>>> print(open('query20.cif').read())   # mmCIF, C-alpha atoms and all ligand atoms
data_query
#
loop_
_atom_site.group_PDB
_atom_site.id
_atom_site.type_symbol
_atom_site.label_atom_id
_atom_site.label_comp_id
_atom_site.auth_asym_id
_atom_site.auth_seq_id
_atom_site.Cartn_x
_atom_site.Cartn_y
_atom_site.Cartn_z
ATOM 1 C CA MET H 126 -172.168 -39.522 97.321
ATOM 2 C CA GLU H 127 -170.415 -41.218 100.200
ATOM 3 C CA ARG H 128 -168.626 -44.471 99.533
ATOM 4 C CA ASN H 129 -166.941 -46.921 101.871
ATOM 5 C CA LEU H 130 -163.971 -49.170 101.483
ATOM 6 C CA THR H 131 -163.760 -52.506 103.261
ATOM 7 C CA ILE H 132 -160.481 -54.261 103.903
ATOM 8 C CA ARG H 133 -160.746 -57.994 104.461
ATOM 9 C CA TYR H 134 -158.161 -59.739 106.570
ATOM 10 C CA GLU H 135 -157.897 -62.652 108.943
ATOM 11 C CA GLU H 136 -156.287 -62.503 112.336
ATOM 12 C CA PHE H 137 -154.947 -65.402 114.377
ATOM 13 C CA VAL H 138 -153.362 -65.595 117.805
ATOM 14 C CA SER H 139 -150.636 -67.892 116.548
ATOM 15 C CA ALA H 140 -148.953 -69.007 113.349
ATOM 16 C CA GLU H 141 -150.132 -72.519 114.216
ATOM 17 C CA ASN H 142 -153.601 -71.456 113.086
ATOM 18 C CA LEU H 143 -152.380 -70.721 109.550
ATOM 19 C CA ALA H 144 -152.700 -73.147 106.664
ATOM 20 C CA PRO H 145 -149.506 -75.243 106.353
ATOM 21 C CA ALA H 146 -148.285 -73.384 103.237
ATOM 22 C CA GLU H 147 -148.802 -70.024 104.948
ATOM 23 C CA GLN H 148 -147.040 -71.264 108.066
ATOM 24 C CA LYS H 149 -144.094 -72.430 105.979
ATOM 25 C CA LEU H 150 -143.836 -69.079 104.206
ATOM 26 C CA LEU H 151 -143.956 -67.165 107.476
ATOM 27 C CA ASN H 152 -141.246 -69.399 108.907
ATOM 28 C CA ARG H 153 -139.079 -68.615 105.906
ATOM 29 C CA ALA H 154 -139.585 -64.881 106.567
ATOM 30 C CA ILE H 155 -138.628 -65.318 110.220
ATOM 31 C CA GLU H 156 -135.522 -67.322 109.234
ATOM 32 C CA ALA H 157 -134.595 -64.606 106.724
ATOM 33 C CA THR H 158 -134.271 -62.020 109.517
ATOM 34 C CA ALA H 159 -130.901 -63.678 110.239
ATOM 35 C CA GLY H 160 -129.590 -62.139 107.003
ATOM 36 C CA SER H 161 -130.624 -58.621 107.970
ATOM 37 C CA TYR H 162 -127.931 -55.936 107.942
ATOM 38 C CA ALA H 163 -129.283 -53.311 110.295
ATOM 39 C CA PRO H 164 -126.423 -51.676 112.241
ATOM 40 C CA TYR H 165 -128.363 -48.399 112.386
ATOM 41 C CA SER H 166 -131.948 -49.343 113.221
ATOM 42 C CA HIS H 167 -131.245 -52.710 114.920
ATOM 43 C CA PHE H 168 -134.558 -53.703 113.393
ATOM 44 C CA ASN H 169 -134.281 -56.978 111.506
ATOM 45 C CA VAL H 170 -136.951 -57.566 108.909
ATOM 46 C CA GLY H 171 -137.381 -60.734 106.871
ATOM 47 C CA ALA H 172 -139.637 -61.308 103.873
ATOM 48 C CA ALA H 173 -140.453 -64.460 101.943
ATOM 49 C CA VAL H 174 -142.090 -64.297 98.535
ATOM 50 C CA GLU H 175 -143.963 -67.275 97.115
ATOM 51 C CA LEU H 176 -144.300 -67.667 93.368
ATOM 52 C CA GLU H 177 -147.020 -69.509 91.513
ATOM 53 C CA ASN H 178 -144.587 -72.313 90.689
ATOM 54 C CA GLY H 179 -143.991 -72.939 94.388
ATOM 55 C CA GLU H 180 -140.592 -71.260 94.458
ATOM 56 C CA ILE H 181 -139.895 -69.269 97.641
ATOM 57 C CA ILE H 182 -137.480 -66.333 97.632
ATOM 58 C CA SER H 183 -136.563 -64.776 100.956
ATOM 59 C CA SER H 184 -134.529 -61.744 101.875
ATOM 60 C CA ALA H 185 -133.863 -59.260 104.649
ATOM 61 C CA ASN H 186 -133.440 -55.516 105.042
ATOM 62 C CA GLN H 187 -130.033 -54.138 104.070
ATOM 63 C CA GLU H 188 -129.118 -50.767 105.524
ATOM 64 C CA ASN H 189 -126.427 -48.321 104.507
ATOM 65 C CA ALA H 190 -124.650 -45.374 106.127
ATOM 66 C CA ALA H 191 -126.195 -43.257 103.368
ATOM 67 C CA TYR H 192 -129.717 -44.059 104.606
ATOM 68 C CA PRO H 193 -131.736 -43.966 101.394
ATOM 69 C CA SER H 194 -129.281 -46.361 99.773
ATOM 70 C CA GLY H 195 -130.492 -49.267 101.864
ATOM 71 C CA ILE H 196 -133.494 -51.398 100.961
ATOM 72 C CA CYS H 197 -136.350 -53.097 102.782
ATOM 73 C CA ALA H 198 -136.675 -56.863 103.012
ATOM 74 C CA GLU H 199 -139.881 -56.866 100.968
ATOM 75 C CA ARG H 200 -138.471 -55.017 97.964
ATOM 76 C CA SER H 201 -135.213 -56.926 98.115
ATOM 77 C CA ALA H 202 -137.113 -60.230 97.907
ATOM 78 C CA LEU H 203 -139.618 -59.040 95.288
ATOM 79 C CA PHE H 204 -137.014 -57.576 92.951
ATOM 80 C CA TYR H 205 -134.891 -60.680 93.164
ATOM 81 C CA ALA H 206 -137.914 -62.888 92.518
ATOM 82 C CA HIS H 207 -138.896 -60.826 89.467
ATOM 83 C CA SER H 208 -135.402 -60.761 88.027
ATOM 84 C CA LYS H 209 -134.947 -64.487 88.477
ATOM 85 C CA PHE H 210 -138.480 -65.514 87.431
ATOM 86 C CA PRO H 211 -139.828 -62.613 85.331
ATOM 87 C CA ASP H 212 -142.832 -64.520 83.979
ATOM 88 C CA ILE H 213 -143.992 -66.247 87.158
ATOM 89 C CA PRO H 214 -146.625 -64.402 89.220
ATOM 90 C CA VAL H 215 -146.073 -63.735 92.909
ATOM 91 C CA VAL H 216 -148.930 -65.232 94.925
ATOM 92 C CA ALA H 217 -147.962 -64.471 98.522
ATOM 93 C CA ILE H 218 -145.502 -62.632 100.723
ATOM 94 C CA ALA H 219 -144.812 -63.194 104.413
ATOM 95 C CA ILE H 220 -143.176 -60.565 106.585
ATOM 96 C CA ALA H 221 -141.747 -60.729 110.095
ATOM 97 C CA ALA H 222 -139.429 -58.538 112.112
ATOM 98 C CA LYS H 223 -137.166 -58.964 115.109
ATOM 99 C CA SER H 224 -135.957 -56.350 117.526
ATOM 100 C CA ASN H 225 -133.209 -57.297 119.999
ATOM 101 C CA GLY H 226 -133.401 -60.844 118.693
ATOM 102 C CA ARG H 227 -137.096 -61.252 119.484
ATOM 103 C CA LEU H 228 -140.094 -61.256 117.195
ATOM 104 C CA THR H 229 -141.849 -57.891 117.424
ATOM 105 C CA GLU H 230 -144.902 -57.805 119.661
ATOM 106 C CA THR H 231 -147.116 -56.318 116.927
ATOM 107 C CA PRO H 232 -147.152 -56.823 113.139
ATOM 108 C CA THR H 233 -144.606 -54.890 111.079
ATOM 109 C CA TYR H 234 -146.416 -53.673 107.988
ATOM 110 C CA PRO H 235 -144.680 -52.861 104.701
ATOM 111 C CA CYS H 236 -143.668 -49.214 104.245
ATOM 112 C CA GLY H 237 -145.320 -47.080 101.590
ATOM 113 C CA ALA H 238 -142.639 -47.711 98.967
ATOM 114 C CA CYS H 239 -142.923 -51.476 99.411
ATOM 115 C CA ARG H 240 -146.709 -51.278 99.155
ATOM 116 C CA GLN H 241 -146.334 -49.517 95.815
ATOM 117 C CA VAL H 242 -143.938 -52.209 94.579
ATOM 118 C CA LEU H 243 -146.273 -54.935 95.843
ATOM 119 C CA HIS H 244 -149.110 -53.285 93.949
ATOM 120 C CA GLU H 245 -147.206 -53.416 90.684
ATOM 121 C CA SER H 246 -146.079 -56.994 91.340
ATOM 122 C CA GLN H 247 -149.726 -57.938 91.743
ATOM 123 C CA GLN H 248 -150.731 -56.132 88.568
ATOM 124 C CA ARG H 249 -147.846 -57.576 86.653
ATOM 125 C CA GLY H 250 -148.634 -61.139 87.674
ATOM 126 C CA GLY H 251 -152.395 -60.781 87.379
ATOM 127 C CA LYS H 252 -152.874 -62.789 90.596
ATOM 128 C CA LYS H 253 -153.873 -61.555 94.030
ATOM 129 C CA ILE H 254 -150.896 -61.428 96.354
ATOM 130 C CA LYS H 255 -151.752 -62.628 99.839
ATOM 131 C CA ILE H 256 -149.885 -60.811 102.610
ATOM 132 C CA ILE H 257 -149.045 -62.706 105.778
ATOM 133 C CA ILE H 258 -147.676 -60.638 108.631
ATOM 134 C CA GLY H 259 -146.354 -62.331 111.721
ATOM 135 C CA SER H 260 -145.635 -61.043 115.207
ATOM 136 C CA ALA H 261 -145.415 -62.421 118.729
ATOM 137 C CA ALA H 262 -148.982 -61.467 119.624
ATOM 138 C CA LYS H 263 -150.846 -62.155 116.391
ATOM 139 C CA VAL H 264 -150.668 -63.102 112.746
ATOM 140 C CA GLN H 265 -152.647 -61.294 110.087
ATOM 141 C CA VAL H 266 -153.459 -62.449 106.579
ATOM 142 C CA ILE H 267 -154.557 -59.732 104.169
ATOM 143 C CA GLU H 268 -156.213 -61.108 101.059
ATOM 144 C CA SER H 269 -154.591 -58.809 98.510
ATOM 145 C CA VAL H 270 -152.415 -55.724 98.060
ATOM 146 C CA GLY H 271 -155.566 -53.639 97.701
ATOM 147 C CA GLY H 272 -156.008 -54.063 101.464
ATOM 148 C CA LEU H 273 -152.691 -52.326 102.082
ATOM 149 C CA LEU H 274 -152.806 -49.762 99.325
ATOM 150 C CA PRO H 275 -156.230 -48.696 98.120
ATOM 151 C CA PHE H 276 -156.232 -45.987 95.445
ATOM 152 C CA ALA H 277 -152.768 -47.030 94.300
ATOM 153 C CA PHE H 278 -150.777 -45.090 91.761
ATOM 154 C CA ASP H 279 -150.922 -47.013 88.579
ATOM 155 C CA ASN H 280 -149.159 -46.379 85.329
ATOM 156 C CA LEU H 281 -148.776 -49.765 83.679
ATOM 157 C CA PRO H 282 -149.907 -49.713 80.073
ATOM 158 C CA GLN H 283 -153.058 -51.744 79.471
ATOM 159 C CA GLU H 284 -152.198 -55.208 78.270
ATOM 160 C CA SER H 285 -152.930 -55.986 74.660
ATOM 161 C CA GLU H 286 -155.150 -58.992 73.934
ATOM 162 C CA ASP H 287 -152.038 -60.629 72.576
ATOM 163 C CA VAL H 288 -150.236 -60.577 75.898
ATOM 164 C CA LYS H 289 -153.347 -61.723 77.753
ATOM 165 C CA ASN H 290 -153.731 -64.689 75.417
ATOM 166 C CA LYS H 291 -150.101 -65.648 75.860
ATOM 167 C CA LYS H 292 -150.612 -65.777 79.625
ATOM 168 C CA GLY H 293 -153.684 -67.945 79.133
HETATM 169 ZN ZN ZN A 301 -140.381 -51.029 102.721
#
>>> encode(input="query20.cif", output="structure tokens")
Amino acid sequence: MERNLTIRYEEFVSAENLAPAEQKLLNRAIEATAGSYAPYSHFNVGAAVELENGEIISSANQENAAYPSGICAERSALFYAHSKFPDIPVVAIAIAAKSNGRLTETPTYPCGACRQVLHESQQRGGKKIKIIIGSAAKVQVIESVGGLLPFAFDNLPQESEDVKNKKG
């Protein structure tokens, strides 16, 4: 039997077409590129994570001479958000990147490792995480992590009724 997957996303020519909250989050991601440490790639990525309580955590990529020791903007922001607010679900993340001081022409999508972390963040919080990706030419809004990572690896134990009830 053949099956098809559909990925839903919106695309706009400019960030001005986004809802105000989405615009604000994307601006925070763009601002965060200033904190990027990228002496090797010269590719400055910023990410801003929005939590259900309205809190916004932003971060940027941090490289290292020992390449795998660095970390992407998305994971840096997500891990900080989870360590600071472990019980508050993430509801959105905005991502933007600059090269030579200018916003990239096309969207910069999260790498595979960040998609996996986003997947678990979404599962952990039990809320869809909206992904907003900016660029000079267009802005895309993907409705959930499933659009970036279908067939995700998944090893979280099933929640007991007890935990579900606690979350309400
Ligand atoms: Zn990444």
>>> residues_near_ligand(input="query20.cif", ligand="ligand ZN 301 (chain A)", cutoff="7 Å", atoms="all atoms listed in the file", output="NGL selection string")
:H and (197-200 or 235-239)
>>> resolve_selection(input="query20.cif", expression="the PyMOL selection byres (((chain H and resi 153-169) around 7) and not hetatm)", output="list of chain:residue names")
H:Lys149, H:Leu150, H:Leu151, H:Asn152, H:Val170, H:Gly171, H:Ala172, H:Ala173, H:Ser183, H:Ser184, H:Ala185, H:Asn186, H:Gln187, H:Glu188, H:Ala219, H:Ile220, H:Ala221, H:Ala222, H:Lys223, H:Ser224
>>> residues_around(input="query20.cif", residues="range 204-213 of chain H", least_positions_apart="3", cutoff="12 Å", atoms="all atoms listed in the file", output="PyMOL selection string")
chain H and resi 172-185+196-201+216-218+239+242-243+245-247+249-252+288+291-292
>>> atom_distance(input="query20.cif", atom1="CA of Ser139 in chain H", atom2="CA of Val215 in chain H")
24.4 Å
>>> atom_distance(input="query20.cif", atom1="CA of Glu147 in chain H", atom2="CA of Thr229 in chain H")
18.7 Å
>>> closest_residue(input="query20.cif", among="H:Lys255, H:Asp279, H:Tyr134, H:Gly272", to="Pro214 in chain H", atoms="only C-alpha atoms")
H:Lys255
>>> closest_residue(input="query20.cif", among="H:Phe137, H:Asn189, H:Gln241, H:Ser260", to="Ala277 in chain H", atoms="only C-alpha atoms")
H:Gln241
>>> closest_residue(input="query20.cif", among="H:Val266, H:Leu281, H:Leu273, H:Ile256", to="Leu143 in chain H", atoms="all atoms listed in the file")
H:Val266
>>> decode(input="query20.cif", residues="range 147-239 of chain H", atoms="C-alpha atoms", output="tab-separated table (two decimals), in the first residue's frame")
chain	number	residue	atom	x	y	z
H	147	GLU	CA	5.75	35.61	15.28
H	148	GLN	CA	7.39	38.78	14.00
H	149	LYS	CA	8.68	39.56	17.48
H	150	LEU	CA	10.12	36.07	17.89
H	151	LEU	CA	11.84	36.22	14.51
H	152	ASN	CA	13.31	39.61	15.39
H	153	ARG	CA	14.71	38.12	18.58
H	154	ALA	CA	16.36	35.35	16.52
H	155	ILE	CA	17.87	37.91	14.15
H	156	GLU	CA	19.16	39.98	17.10
H	157	ALA	CA	20.64	36.82	18.63
H	158	THR	CA	22.94	36.34	15.62
H	159	ALA	CA	25.06	39.11	17.19
H	160	GLY	CA	26.08	36.63	19.91
H	161	SER	CA	27.26	34.02	17.42
H	162	TYR	CA	30.83	32.75	17.78
H	163	ALA	CA	31.66	31.47	14.33
H	164	PRO	CA	35.34	32.11	13.52
H	165	TYR	CA	35.44	28.97	11.37
H	166	SER	CA	32.23	29.00	9.33
H	167	HIS	CA	31.55	32.77	9.44
H	168	PHE	CA	27.92	31.69	9.47
H	169	ASN	CA	26.00	33.39	12.26
H	170	VAL	CA	22.84	31.64	13.32
H	171	GLY	CA	20.35	32.94	15.87
H	172	ALA	CA	17.42	31.11	17.45
H	173	ALA	CA	14.66	32.33	19.72
H	174	VAL	CA	12.51	29.90	21.67
H	175	GLU	CA	9.09	30.91	22.97
H	176	LEU	CA	7.64	29.16	25.99
H	177	GLU	CA	3.99	28.77	26.86
H	178	ASN	CA	4.36	31.34	29.64
H	179	GLY	CA	5.49	33.96	27.13
H	180	GLU	CA	9.15	33.76	28.09
H	181	ILE	CA	11.56	34.07	25.14
H	182	ILE	CA	15.03	32.52	25.27
H	183	SER	CA	17.44	33.32	22.46
H	184	SER	CA	20.89	32.06	21.62
H	185	ALA	CA	23.41	31.75	18.82
H	186	ASN	CA	25.76	29.14	17.41
H	187	GLN	CA	29.00	28.64	19.32
H	188	GLU	CA	31.84	27.02	17.41
H	189	ASN	CA	35.03	25.43	18.65
H	190	ALA	CA	38.40	24.51	17.15
H	191	ALA	CA	37.49	20.91	17.94
H	192	TYR	CA	34.50	21.05	15.56
H	193	PRO	CA	32.06	18.65	17.19
H	194	SER	CA	32.44	20.49	20.49
H	195	GLY	CA	30.52	23.49	19.22
H	196	ILE	CA	26.74	23.74	19.28
H	197	CYS	CA	24.00	25.11	17.05
H	198	ALA	CA	21.89	28.10	18.01
H	199	GLU	CA	18.72	26.01	18.16
H	200	ARG	CA	20.03	23.43	20.63
H	201	SER	CA	21.79	26.07	22.69
H	202	ALA	CA	18.50	27.96	23.11
H	203	LEU	CA	16.36	24.85	23.66
H	204	PHE	CA	18.63	23.31	26.27
H	205	TYR	CA	18.86	26.56	28.17
H	206	ALA	CA	15.09	26.99	28.03
H	207	HIS	CA	14.54	23.46	29.34
H	208	SER	CA	17.07	23.78	32.13
H	209	LYS	CA	15.67	27.11	33.26
H	210	PHE	CA	11.98	26.24	32.81
H	211	PRO	CA	11.79	22.42	32.88
H	212	ASP	CA	8.00	22.25	33.23
H	213	ILE	CA	7.00	24.90	30.70
H	214	PRO	CA	6.31	23.67	27.15
H	215	VAL	CA	8.06	25.24	24.18
H	216	VAL	CA	5.47	26.55	21.72
H	217	ALA	CA	7.59	28.14	18.98
H	218	ILE	CA	11.11	28.63	17.72
H	219	ALA	CA	12.35	31.21	15.23
H	220	ILE	CA	15.60	30.79	13.33
H	221	ALA	CA	17.60	33.21	11.20
H	222	ALA	CA	21.14	33.28	9.89
H	223	LYS	CA	23.56	35.91	8.66
H	224	SER	CA	26.51	35.49	6.37
H	225	ASN	CA	28.93	38.41	5.97
H	226	GLY	CA	26.64	40.47	8.17
H	227	ARG	CA	23.60	40.02	5.93
H	228	LEU	CA	20.54	37.86	6.39
H	229	THR	CA	20.86	34.76	4.22
H	230	GLU	CA	18.97	34.87	0.94
H	231	THR	CA	17.19	31.56	1.61
H	232	PRO	CA	15.92	29.97	4.84
H	233	THR	CA	18.46	28.19	7.05
H	234	TYR	CA	16.78	25.04	8.29
H	235	PRO	CA	17.77	23.24	11.50
H	236	CYS	CA	20.33	20.44	11.08
H	237	GLY	CA	19.36	16.84	11.73
H	238	ALA	CA	20.57	16.84	15.34
H	239	CYS	CA	18.54	19.95	16.14
